[in-house]
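K.L.:
I'd like to ask you about the structure that follows.
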Amino acid sequence: MSLSWFQIISLCRKEWRIVMDTPLGYVMAIAFLMVCGFFFESNLFLIGQADMRGWFSILSLLLMFFIPAMAMRMLADEKRSGTFELLATMPITTMSIVLGKYLALWVQILALLALTLLYPLTLSWLGNLDAGQILASYLAAVLLASSYAAVCLYASAITRYEVVAYVLGFVMLLLLFLLSKAMPTFSPAVQDWLVLLSPLSHYQSMLRGLVRLSDVMFFIAMSGLFLTLTWFELERRRWR
Amino acid sequence: MIQAEKLSRLYGEQYAVRDLSFHIKHGEVMGLLGPNGAGKSTTMKMLTCFLPPSSGTASIDGIDIQQNLDVRRRIGYLPEHAPSYSDLNVQEHLSFIGRMYGVPKATLHDKIREMSAACGLQGRLHQRIDELSKGYRQRVGLAASMLHDPDCLILDEPTTGLDPNQMVEIRQLIRRLGEKKTVLLSSHVLSEVDAVCDRMMIIDRGELRAIGTRDELIARSSSGLVLHVCMRGDADAVVTQICEQYKTCEVDKHVLAEEGLTKLVFHHSDISTPLAETVFSAVVSVGGVLLDMHAQETSLEDVFHRVTGSAL
């Protein structure tokens, strides 16, 4: 399976251009920053905590709402508008298309998370900040968002309708969230397995400032699994 | 050059295209005709590697469509309805297409200018595609399909949505391109195929029904010579003379008593028969007056109707 990075980056640039040329990207960024700012500010002023652990915990929930919205048009819109046929007849492999779209989504997520760097900068001005923990937490957020992006890209690949893609993406992320919340109701043996399979367990583990290879590998594997499923979904038309 | 050998595509258990074989030479424009659901778009999707064939083979410039990246580089494809990225402007859209096809950065700008001039898009390069009329979007699609200077052009209904002037311009453009490239175009407009294509093929229910030049198709599907005659005088004597000379000739006779005229329609299976001359001589020999005589021509519409059993 050959990958052309020039074409992957061209595809990524095209997606970025669409986000920048339409209100979608700005609306998303403003809404994300407003909600993030609200939770950061309420932790800081109402509870009086000058740390970001609470904010990072809530971030995992916010990503569940925002990432499906960012990913919903990625492939569903191409299919609905017919441009997927244009794209799929270009000299580019299906995996390169998937990676180009994923990279575009990833860059958007990074840009949004980069905007929130204002919060730790504010805290560092107010007092002593555990930089190591903040860095680990940001790494955890990037990894969690990356795996969520792969899930939502898959949701966008299985339908032609953006709204359906949003709902499917959100429901899949909600199931992953509920998996960790429902964990205490299972037997200890099952719980051990669920801890391994739950993205939130790995995320919470990294928020403590501990970057374990197993946690990082989990998110990479989860992204890889859903990108492969996306590739499979796009290739499926050929096998019908 | 496009070559297809027993190309078939199954959807479930139903054939969308079945055992389709044809050959298009370099520098030839081939028209693909067929009623809705005949398999035109599926054929194009297989040739452009969007769908693999269920059986059979095809090659573009000698390269099997299984090696699909090499084949795709050689093809310029305009899908049905000319889809394009409506959130981008024309320049951005064409730049993206050019980069994806590997057009060198140094020449990309010139290529865009050249193709936009060829397709009448000057002055529209900075306009968003969703603000363009359908005709202009069709032009954007055409420009995009030719941007990387492909050897083969596969155009699915290239003039849909264009006004008559635009249609003429685009047909002239395709005609010009057809001198240097291999072009396969599908259309519902028979006059367009007639005007643009060197040869045409008609498919119906996935199967090839006819292939050839316009004249070949007309000659092949023609049911024979039909001659309409309007005369004054002894029509029965004329009919007797003709039927004696041409045993297989059939005649319909219609007398217009009030005007003293007779209308005769002669049917003969052999199109090369000099029937008109014989009828003229016969009318003169019986002292009649010949008021009108014309052969009924078979049109492409007639050919299409006969071959597919349906109108477009």
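Quick note on naming: the chains in the structure tokens go A, B, ... in the order shown, residues restart at 1 in each chain, and ligands are numbered from 1 in order of appearance.
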When the cut-off is 6 Å and we count only C-alpha atoms, which residues of chain A are near chain B, given as a compact mmCIF listing (two decimals) with N, CA, C and O atoms, in the first residue's frame?

P.N.:
# COMPACT_ATOMS: atom_id res chain seq x y z
N GLN A 7 0.55 14.14 -1.52
CA GLN A 7 -0.90 14.16 -1.75
C GLN A 7 -1.68 14.21 -0.43
O GLN A 7 -2.70 14.88 -0.33
N GLY A 82 -20.79 14.01 -4.18
CA GLY A 82 -20.25 13.32 -5.36
C GLY A 82 -18.75 13.54 -5.55
O GLY A 82 -18.16 12.98 -6.46
N THR A 83 -18.14 14.38 -4.70
CA THR A 83 -16.71 14.64 -4.88
C THR A 83 -15.86 13.43 -4.46
O THR A 83 -14.68 13.36 -4.81
N THR A 89 -10.91 8.68 -7.86
CA THR A 89 -10.36 8.37 -9.19
C THR A 89 -9.07 9.16 -9.45
O THR A 89 -8.54 9.14 -10.54
N MET A 90 -8.61 9.85 -8.42
CA MET A 90 -7.30 10.51 -8.53
C MET A 90 -6.21 9.47 -8.24
O MET A 90 -6.50 8.46 -7.61
N PRO A 91 -4.99 9.75 -8.67
CA PRO A 91 -3.93 8.75 -8.41
C PRO A 91 -3.47 8.77 -6.95
O PRO A 91 -2.36 9.17 -6.64
N ARG A 238 -15.94 -1.37 -3.58
CA ARG A 238 -15.29 -2.14 -4.64
C ARG A 238 -15.61 -3.62 -4.57
O ARG A 238 -15.46 -4.34 -5.54

K.L.:
Would you list the contacts of stretch 224-226 of chain B as JSON, numbers by chain, taking every protein, DNA or RNA residue within 12 Å and counting only C-alpha atoms, but skipping same-chain residues closer than 3 positions in sequence?

P.N.:
{"B": [218, 219, 220, 221, 229, 248, 249, 250, 251, 252, 264, 265, 266, 267, 268, 269, 270, 271, 272, 273, 274, 275, 276, 293, 294, 295, 296, 297, 298]}

K.L.:
Which residues come within 9 Å of A:Tyr161, counting only C-alpha atoms, excluding same-chain residues fewer than 4 positions away, as number ranges by chain?

P.N.:
A: 72-73, 76-77, 79-80, 156, 165-166

K.L.:
Produce a file of the selected residues containing all heavy atoms, as a PDB file, in the first residue's frame.

P.N.:
ATOM      1  N   MET A  72     -17.771  15.382  11.149  1.00  0.00           N
ATOM      2  CA  MET A  72     -18.978  14.881  10.468  1.00  0.00           C
ATOM      3  C   MET A  72     -18.973  15.092   8.954  1.00  0.00           C
ATOM      4  O   MET A  72     -19.448  14.257   8.211  1.00  0.00           O
ATOM      5  CB  MET A  72     -20.234  15.494  11.094  1.00  0.00           C
ATOM      6  CG  MET A  72     -20.360  16.972  10.946  1.00  0.00           C
ATOM      7  SD  MET A  72     -21.845  17.554  11.794  1.00  0.00           S
ATOM      8  CE  MET A  72     -21.808  19.280  11.354  1.00  0.00           C
ATOM      9  N   ARG A  73     -18.409  16.232   8.475  1.00  0.00           N
ATOM     10  CA  ARG A  73     -18.490  16.493   7.035  1.00  0.00           C
ATOM     11  C   ARG A  73     -17.331  15.856   6.261  1.00  0.00           C
ATOM     12  O   ARG A  73     -17.389  15.769   5.036  1.00  0.00           O
ATOM     13  CB  ARG A  73     -18.531  17.992   6.743  1.00  0.00           C
ATOM     14  CG  ARG A  73     -17.522  18.841   7.414  1.00  0.00           C
ATOM     15  CD  ARG A  73     -17.316  20.145   6.692  1.00  0.00           C
ATOM     16  NE  ARG A  73     -16.631  19.924   5.441  1.00  0.00           N
ATOM     17  CZ  ARG A  73     -15.315  19.733   5.345  1.00  0.00           C
ATOM     18  NH1 ARG A  73     -14.544  19.709   6.416  1.00  0.00           N
ATOM     19  NH2 ARG A  73     -14.763  19.539   4.177  1.00  0.00           N
ATOM     20  N   ALA A  76     -18.623  12.169   4.831  1.00  0.00           N
ATOM     21  CA  ALA A  76     -20.056  12.140   4.492  1.00  0.00           C
ATOM     22  C   ALA A  76     -20.359  13.181   3.410  1.00  0.00           C
ATOM     23  O   ALA A  76     -21.081  12.898   2.448  1.00  0.00           O
ATOM     24  CB  ALA A  76     -20.889  12.401   5.744  1.00  0.00           C
ATOM     25  N   ASP A  77     -19.773  14.365   3.549  1.00  0.00           N
ATOM     26  CA  ASP A  77     -20.032  15.429   2.588  1.00  0.00           C
ATOM     27  C   ASP A  77     -19.450  15.089   1.211  1.00  0.00           C
ATOM     28  O   ASP A  77     -20.058  15.378   0.177  1.00  0.00           O
ATOM     29  CB  ASP A  77     -19.423  16.740   3.121  1.00  0.00           C
ATOM     30  CG  ASP A  77     -19.805  17.915   2.251  1.00  0.00           C
ATOM     31  OD1 ASP A  77     -21.000  18.049   1.954  1.00  0.00           O
ATOM     32  OD2 ASP A  77     -18.906  18.679   1.860  1.00  0.00           O
ATOM     33  N   LYS A  79     -19.165  12.129   0.025  1.00  0.00           N
ATOM     34  CA  LYS A  79     -20.034  11.117  -0.588  1.00  0.00           C
ATOM     35  C   LYS A  79     -21.324  11.751  -1.101  1.00  0.00           C
ATOM     36  O   LYS A  79     -21.780  11.449  -2.192  1.00  0.00           O
ATOM     37  CB  LYS A  79     -20.379  10.041   0.443  1.00  0.00           C
ATOM     38  CG  LYS A  79     -19.238   9.088   0.719  1.00  0.00           C
ATOM     39  CD  LYS A  79     -19.706   8.052   1.703  1.00  0.00           C
ATOM     40  CE  LYS A  79     -18.755   6.885   1.785  1.00  0.00           C
ATOM     41  NZ  LYS A  79     -19.278   5.817   2.631  1.00  0.00           N
ATOM     42  N   ARG A  80     -21.904  12.642  -0.295  1.00  0.00           N
ATOM     43  CA  ARG A  80     -23.193  13.225  -0.658  1.00  0.00           C
ATOM     44  C   ARG A  80     -23.046  14.139  -1.883  1.00  0.00           C
ATOM     45  O   ARG A  80     -23.873  14.123  -2.781  1.00  0.00           O
ATOM     46  CB  ARG A  80     -23.767  14.007   0.523  1.00  0.00           C
ATOM     47  CG  ARG A  80     -25.209  14.449   0.350  1.00  0.00           C
ATOM     48  CD  ARG A  80     -25.658  15.311   1.518  1.00  0.00           C
ATOM     49  NE  ARG A  80     -24.676  16.317   1.871  1.00  0.00           N
ATOM     50  CZ  ARG A  80     -24.475  17.443   1.180  1.00  0.00           C
ATOM     51  NH1 ARG A  80     -25.196  17.703   0.133  1.00  0.00           N
ATOM     52  NH2 ARG A  80     -23.547  18.305   1.560  1.00  0.00           N
ATOM     53  N   SER A 156     -18.153   9.162   9.892  1.00  0.00           N
ATOM     54  CA  SER A 156     -18.397   9.981   8.704  1.00  0.00           C
ATOM     55  C   SER A 156     -18.282   9.152   7.417  1.00  0.00           C
ATOM     56  O   SER A 156     -18.866   9.507   6.391  1.00  0.00           O
ATOM     57  CB  SER A 156     -17.398  11.136   8.673  1.00  0.00           C
ATOM     58  OG  SER A 156     -17.602  11.946   7.563  1.00  0.00           O
ATOM     59  N   ALA A 165     -23.791  11.321  10.628  1.00  0.00           N
ATOM     60  CA  ALA A 165     -22.388  11.103  11.006  1.00  0.00           C
ATOM     61  C   ALA A 165     -22.117  11.667  12.401  1.00  0.00           C
ATOM     62  O   ALA A 165     -21.418  11.044  13.211  1.00  0.00           O
ATOM     63  CB  ALA A 165     -21.462  11.761   9.981  1.00  0.00           C
ATOM     64  N   TYR A 166     -22.692  12.843  12.687  1.00  0.00           N
ATOM     65  CA  TYR A 166     -22.497  13.444  14.016  1.00  0.00           C
ATOM     66  C   TYR A 166     -23.094  12.537  15.096  1.00  0.00           C
ATOM     67  O   TYR A 166     -22.433  12.225  16.096  1.00  0.00           O
ATOM     68  CB  TYR A 166     -23.159  14.832  14.089  1.00  0.00           C
ATOM     69  CG  TYR A 166     -22.977  15.470  15.451  1.00  0.00           C
ATOM     70  CD1 TYR A 166     -21.850  16.232  15.720  1.00  0.00           C
ATOM     71  CD2 TYR A 166     -23.899  15.265  16.479  1.00  0.00           C
ATOM     72  CE1 TYR A 166     -21.646  16.783  16.971  1.00  0.00           C
ATOM     73  CE2 TYR A 166     -23.701  15.804  17.739  1.00  0.00           C
ATOM     74  CZ  TYR A 166     -22.575  16.567  17.980  1.00  0.00           C
ATOM     75  OH  TYR A 166     -22.365  17.093  19.222  1.00  0.00           O
TER      76      TYR A 166
END

K.L.:
Based on DSSP run over this structure's backbone, return all residues of stretch 12-58 of chain B in alpha helix (DSSP H), as a PDB file with all heavy atoms, in the first residue's frame.

P.N.:
ATOM      1  N   LYS B  40     -23.968   2.948 -18.644  1.00  0.00           N
ATOM      2  CA  LYS B  40     -22.963   3.894 -19.161  1.00  0.00           C
ATOM      3  C   LYS B  40     -22.028   4.342 -18.034  1.00  0.00           C
ATOM      4  O   LYS B  40     -20.806   4.273 -18.153  1.00  0.00           O
ATOM      5  CB  LYS B  40     -23.629   5.135 -19.773  1.00  0.00           C
ATOM      6  CG  LYS B  40     -24.588   4.852 -20.908  1.00  0.00           C
ATOM      7  CD  LYS B  40     -25.050   6.135 -21.575  1.00  0.00           C
ATOM      8  CE  LYS B  40     -25.892   7.029 -20.676  1.00  0.00           C
ATOM      9  NZ  LYS B  40     -27.210   6.503 -20.346  1.00  0.00           N
ATOM     10  N   SER B  41     -22.643   4.819 -16.944  1.00  0.00           N
ATOM     11  CA  SER B  41     -21.817   5.343 -15.840  1.00  0.00           C
ATOM     12  C   SER B  41     -21.004   4.224 -15.188  1.00  0.00           C
ATOM     13  O   SER B  41     -19.846   4.443 -14.819  1.00  0.00           O
ATOM     14  CB  SER B  41     -22.700   6.026 -14.797  1.00  0.00           C
ATOM     15  OG  SER B  41     -23.250   7.195 -15.355  1.00  0.00           O
ATOM     16  N   THR B  42     -21.583   3.031 -15.079  1.00  0.00           N
ATOM     17  CA  THR B  42     -20.840   1.910 -14.489  1.00  0.00           C
ATOM     18  C   THR B  42     -19.621   1.579 -15.350  1.00  0.00           C
ATOM     19  O   THR B  42     -18.529   1.324 -14.834  1.00  0.00           O
ATOM     20  CB  THR B  42     -21.747   0.672 -14.345  1.00  0.00           C
ATOM     21  OG1 THR B  42     -22.887   1.047 -13.574  1.00  0.00           O
ATOM     22  CG2 THR B  42     -21.041  -0.478 -13.661  1.00  0.00           C
ATOM     23  N   THR B  43     -19.798   1.624 -16.670  1.00  0.00           N
ATOM     24  CA  THR B  43     -18.665   1.374 -17.584  1.00  0.00           C
ATOM     25  C   THR B  43     -17.559   2.395 -17.329  1.00  0.00           C
ATOM     26  O   THR B  43     -16.381   2.049 -17.211  1.00  0.00           O
ATOM     27  CB  THR B  43     -19.143   1.484 -19.057  1.00  0.00           C
ATOM     28  OG1 THR B  43     -20.209   0.561 -19.235  1.00  0.00           O
ATOM     29  CG2 THR B  43     -18.035   1.190 -20.026  1.00  0.00           C
ATOM     30  N   MET B  44     -17.968   3.651 -17.199  1.00  0.00           N
ATOM     31  CA  MET B  44     -16.974   4.711 -16.969  1.00  0.00           C
ATOM     32  C   MET B  44     -16.310   4.556 -15.606  1.00  0.00           C
ATOM     33  O   MET B  44     -15.110   4.797 -15.467  1.00  0.00           O
ATOM     34  CB  MET B  44     -17.650   6.076 -17.087  1.00  0.00           C
ATOM     35  CG  MET B  44     -18.078   6.352 -18.506  1.00  0.00           C
ATOM     36  SD  MET B  44     -18.670   8.014 -18.728  1.00  0.00           S
ATOM     37  CE  MET B  44     -18.386   8.239 -20.469  1.00  0.00           C
ATOM     38  N   LYS B  45     -17.089   4.155 -14.626  1.00  0.00           N
ATOM     39  CA  LYS B  45     -16.528   3.966 -13.276  1.00  0.00           C
ATOM     40  C   LYS B  45     -15.497   2.830 -13.279  1.00  0.00           C
ATOM     41  O   LYS B  45     -14.508   2.889 -12.547  1.00  0.00           O
ATOM     42  CB  LYS B  45     -17.641   3.651 -12.278  1.00  0.00           C
ATOM     43  CG  LYS B  45     -18.418   4.888 -11.875  1.00  0.00           C
ATOM     44  CD  LYS B  45     -19.547   4.521 -10.952  1.00  0.00           C
ATOM     45  CE  LYS B  45     -20.280   5.655 -10.483  1.00  0.00           C
ATOM     46  NZ  LYS B  45     -21.214   6.361 -10.394  1.00  0.00           N
ATOM     47  N   MET B  46     -15.730   1.815 -14.092  1.00  0.00           N
ATOM     48  CA  MET B  46     -14.751   0.719 -14.166  1.00  0.00           C
ATOM     49  C   MET B  46     -13.484   1.185 -14.871  1.00  0.00           C
ATOM     50  O   MET B  46     -12.377   0.881 -14.441  1.00  0.00           O
ATOM     51  CB  MET B  46     -15.358  -0.479 -14.894  1.00  0.00           C
ATOM     52  CG  MET B  46     -16.331  -1.266 -14.033  1.00  0.00           C
ATOM     53  SD  MET B  46     -16.764  -2.835 -14.779  1.00  0.00           S
ATOM     54  CE  MET B  46     -17.921  -2.334 -16.021  1.00  0.00           C
ATOM     55  N   LEU B  47     -13.658   1.942 -15.954  1.00  0.00           N
ATOM     56  CA  LEU B  47     -12.478   2.403 -16.711  1.00  0.00           C
ATOM     57  C   LEU B  47     -11.633   3.383 -15.914  1.00  0.00           C
ATOM     58  O   LEU B  47     -10.428   3.482 -16.110  1.00  0.00           O
ATOM     59  CB  LEU B  47     -12.918   3.046 -18.036  1.00  0.00           C
ATOM     60  CG  LEU B  47     -13.549   2.105 -19.053  1.00  0.00           C
ATOM     61  CD1 LEU B  47     -14.089   2.885 -20.240  1.00  0.00           C
ATOM     62  CD2 LEU B  47     -12.557   1.051 -19.531  1.00  0.00           C
TER      63      LEU B  47
END

K.L.:
I want to know what sits within 12 Å of B:Ser133, based on only C-alpha atoms, with residues of the same chain fewer than 4 positions away left out; could you give that as an MDAnalysis selection string?

P.N.:
chainID B and resid 86 121 124 127:129 137:140 161:163

K.L.:
With all heavy atoms retained, export the selected residues as a CSV table (one decimal), in the first residue's frame.

P.N.:
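Resulting contents of selection_9.csv:
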chain,number,residue,atom,x,y,z
B,86,SER,N,-17.5,22.8,-3.5
B,86,SER,CA,-18.3,24.1,-3.6
B,86,SER,C,-17.8,25.1,-2.6
B,86,SER,O,-18.1,26.3,-2.7
B,86,SER,CB,-19.8,23.8,-3.4
B,86,SER,OG,-20.0,23.1,-2.2
B,121,LEU,N,-13.4,30.2,-18.3
B,121,LEU,CA,-13.5,30.5,-16.9
B,121,LEU,C,-12.8,31.8,-16.5
B,121,LEU,O,-12.6,32.0,-15.3
B,121,LEU,CB,-13.1,29.3,-16.1
B,121,LEU,CG,-14.0,28.1,-16.0
B,121,LEU,CD1,-13.2,26.9,-15.5
B,121,LEU,CD2,-15.2,28.4,-15.2
B,124,ARG,N,-13.5,34.2,-13.4
B,124,ARG,CA,-14.3,33.5,-12.4
B,124,ARG,C,-13.4,32.7,-11.5
B,124,ARG,O,-13.8,32.0,-10.6
B,124,ARG,CB,-15.2,32.4,-13.1
B,124,ARG,CG,-16.0,32.9,-14.2
B,124,ARG,CD,-17.4,33.4,-13.6
B,124,ARG,NE,-18.1,34.1,-14.6
B,124,ARG,CZ,-19.3,34.6,-14.4
B,124,ARG,NH1,-19.9,34.5,-13.2
B,124,ARG,NH2,-20.0,35.2,-15.4
B,127,GLN,N,-14.0,33.2,-7.8
B,127,GLN,CA,-15.4,33.1,-7.3
B,127,GLN,C,-15.6,31.7,-6.7
B,127,GLN,O,-15.0,30.7,-7.2
B,127,GLN,CB,-16.3,33.3,-8.5
B,127,GLN,CG,-17.7,33.7,-8.2
B,127,GLN,CD,-18.5,34.1,-9.4
B,127,GLN,OE1,-18.0,34.5,-10.4
B,127,GLN,NE2,-19.8,34.1,-9.2
B,128,ARG,N,-16.3,31.7,-5.6
B,128,ARG,CA,-16.6,30.4,-4.9
B,128,ARG,C,-17.5,29.6,-5.9
B,128,ARG,O,-18.4,30.1,-6.5
B,128,ARG,CB,-17.4,30.7,-3.6
B,128,ARG,CG,-16.4,30.9,-2.4
B,128,ARG,CD,-17.3,31.3,-1.3
B,128,ARG,NE,-18.2,30.3,-0.9
B,128,ARG,CZ,-18.1,29.5,0.2
B,128,ARG,NH1,-17.1,29.7,1.1
B,128,ARG,NH2,-19.0,28.6,0.5
B,129,ILE,N,-17.2,28.3,-5.8
B,129,ILE,CA,-17.9,27.4,-6.8
B,129,ILE,C,-19.4,27.3,-6.5
B,129,ILE,O,-20.2,27.3,-7.4
B,129,ILE,CB,-17.2,26.0,-6.8
B,129,ILE,CG1,-15.8,26.1,-7.4
B,129,ILE,CG2,-18.1,25.0,-7.5
B,129,ILE,CD1,-15.0,24.9,-7.4
B,137,ARG,N,-20.1,25.5,-13.4
B,137,ARG,CA,-19.6,24.4,-12.6
B,137,ARG,C,-19.2,23.2,-13.5
B,137,ARG,O,-18.2,22.5,-13.3
B,137,ARG,CB,-20.7,23.8,-11.6
B,137,ARG,CG,-20.9,24.8,-10.5
B,137,ARG,CD,-21.8,24.1,-9.5
B,137,ARG,NE,-22.5,25.1,-8.7
B,137,ARG,CZ,-23.3,24.9,-7.7
B,137,ARG,NH1,-23.4,23.7,-7.3
B,137,ARG,NH2,-23.9,25.9,-7.1
B,138,GLN,N,-20.0,23.0,-14.6
B,138,GLN,CA,-19.7,22.0,-15.6
B,138,GLN,C,-18.3,22.4,-16.2
B,138,GLN,O,-17.5,21.5,-16.4
B,138,GLN,CB,-20.8,22.0,-16.6
B,138,GLN,CG,-20.8,20.8,-17.5
B,138,GLN,CD,-21.4,19.6,-16.7
B,138,GLN,OE1,-22.1,19.7,-15.7
B,138,GLN,NE2,-21.3,18.4,-17.3
B,139,ARG,N,-18.1,23.6,-16.5
B,139,ARG,CA,-16.8,24.1,-17.1
B,139,ARG,C,-15.7,23.8,-16.1
B,139,ARG,O,-14.6,23.5,-16.5
B,139,ARG,CB,-16.9,25.6,-17.4
B,139,ARG,CG,-17.7,25.9,-18.6
B,139,ARG,CD,-18.0,27.4,-18.6
B,139,ARG,NE,-18.9,27.7,-19.7
B,139,ARG,CZ,-18.6,28.6,-20.7
B,139,ARG,NH1,-17.4,29.1,-20.7
B,139,ARG,NH2,-19.4,28.8,-21.6
B,140,VAL,N,-15.9,24.1,-14.8
B,140,VAL,CA,-14.9,23.9,-13.8
B,140,VAL,C,-14.5,22.4,-13.8
B,140,VAL,O,-13.3,22.0,-13.8
B,140,VAL,CB,-15.4,24.3,-12.4
B,140,VAL,CG1,-14.4,23.9,-11.3
B,140,VAL,CG2,-15.6,25.8,-12.3
B,161,GLY,N,-26.6,20.8,-18.6
B,161,GLY,CA,-26.8,22.1,-17.9
B,161,GLY,C,-26.2,23.3,-18.6
B,161,GLY,O,-26.3,24.4,-18.1
B,162,LEU,N,-25.6,23.1,-19.8
B,162,LEU,CA,-25.0,24.2,-20.5
B,162,LEU,C,-26.1,24.9,-21.4
B,162,LEU,O,-26.9,24.2,-21.9
B,162,LEU,CB,-23.8,23.8,-21.3
B,162,LEU,CG,-22.6,23.1,-20.6
B,162,LEU,CD1,-21.5,22.8,-21.5
B,162,LEU,CD2,-22.1,24.1,-19.5
B,163,ASP,N,-25.9,26.2,-21.6
B,163,ASP,CA,-26.8,26.8,-22.6
B,163,ASP,C,-26.3,26.5,-24.0
B,163,ASP,O,-25.2,26.0,-24.2
B,163,ASP,CB,-27.0,28.3,-22.3
B,163,ASP,CG,-25.7,29.1,-22.5
B,163,ASP,OD1,-25.0,28.8,-23.5
B,163,ASP,OD2,-25.4,30.0,-21.7

K.L.:
Can I get the residues of stretch 11-55 of chain A within 12 Å of stretch 60-67 of chain A, each with the closest pair of atoms and their distance in Å to one decimal, using only C-alpha atoms, sorted chain first then ascending number, as a Markdown table?

P.N.:
| residue | atom | partner | partner_atom | distance |
| --- | --- | --- | --- | --- |
| A:Leu24 | CA | A:Phe66 | CA | 11.8 |
| A:Gly25 | CA | A:Phe66 | CA | 11.2 |
| A:Val27 | CA | A:Phe66 | CA | 11.1 |
| A:Met28 | CA | A:Phe66 | CA | 7.6 |
| A:Ala29 | CA | A:Phe66 | CA | 9.5 |
| A:Ile30 | CA | A:Phe66 | CA | 11.5 |
| A:Ala31 | CA | A:Phe66 | CA | 9.1 |
| A:Phe32 | CA | A:Phe66 | CA | 7.4 |
| A:Leu33 | CA | A:Leu62 | CA | 10.6 |
| A:Met34 | CA | A:Leu62 | CA | 11.4 |
| A:Val35 | CA | A:Leu62 | CA | 8.2 |
| A:Cys36 | CA | A:Leu62 | CA | 8.0 |
| A:Gly37 | CA | A:Leu62 | CA | 11.8 |
| A:Phe38 | CA | A:Leu62 | CA | 11.8 |
| A:Phe39 | CA | A:Leu62 | CA | 10.3 |
| A:Arg53 | CA | A:Ser60 | CA | 11.3 |
| A:Gly54 | CA | A:Ser60 | CA | 10.4 |
| A:Trp55 | CA | A:Ser60 | CA | 9.0 |

K.L.:
Which value, in Å to one decimal, gives the distance between atom CA of A:Thr116 and atom CA of A:Val142?

P.N.:
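If I compute the distance from atom CA of A:Thr116 to atom CA of A:Val142, I get 12.2 Å.
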
K.L.:
Skipping near chain neighbours, those fewer than 5 positions away, what residues fall within 9 Å of A:Ala141 using only C-alpha atoms, listed as JSON, numbers by chain?

P.N.:
{"A": [56, 59, 60, 113, 136, 146, 203, 207]}

K.L.:
Need the shell around A:Gly132: protein/DNA/RNA residues with any atom at most 12 Å away, counting only C-alpha atoms. Skip same-chain ones fewer than 3 positions apart. Format as a PyMOL selection string?

P.N.:
chain A and resi 120+128-129+135-139+206-211

K.L.:
Between atom CA of B:Gln91 and atom CA of B:His126, measure the distance and give it in Å to one decimal.

P.N.:
6.1 Å

K.L.:
Rounded to one decimal in Å, what is the spacing between atom CA of B:Gly120 and atom CA of A:Leu86?

P.N.:
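Here the two named atoms are 21.5 Å from each other.
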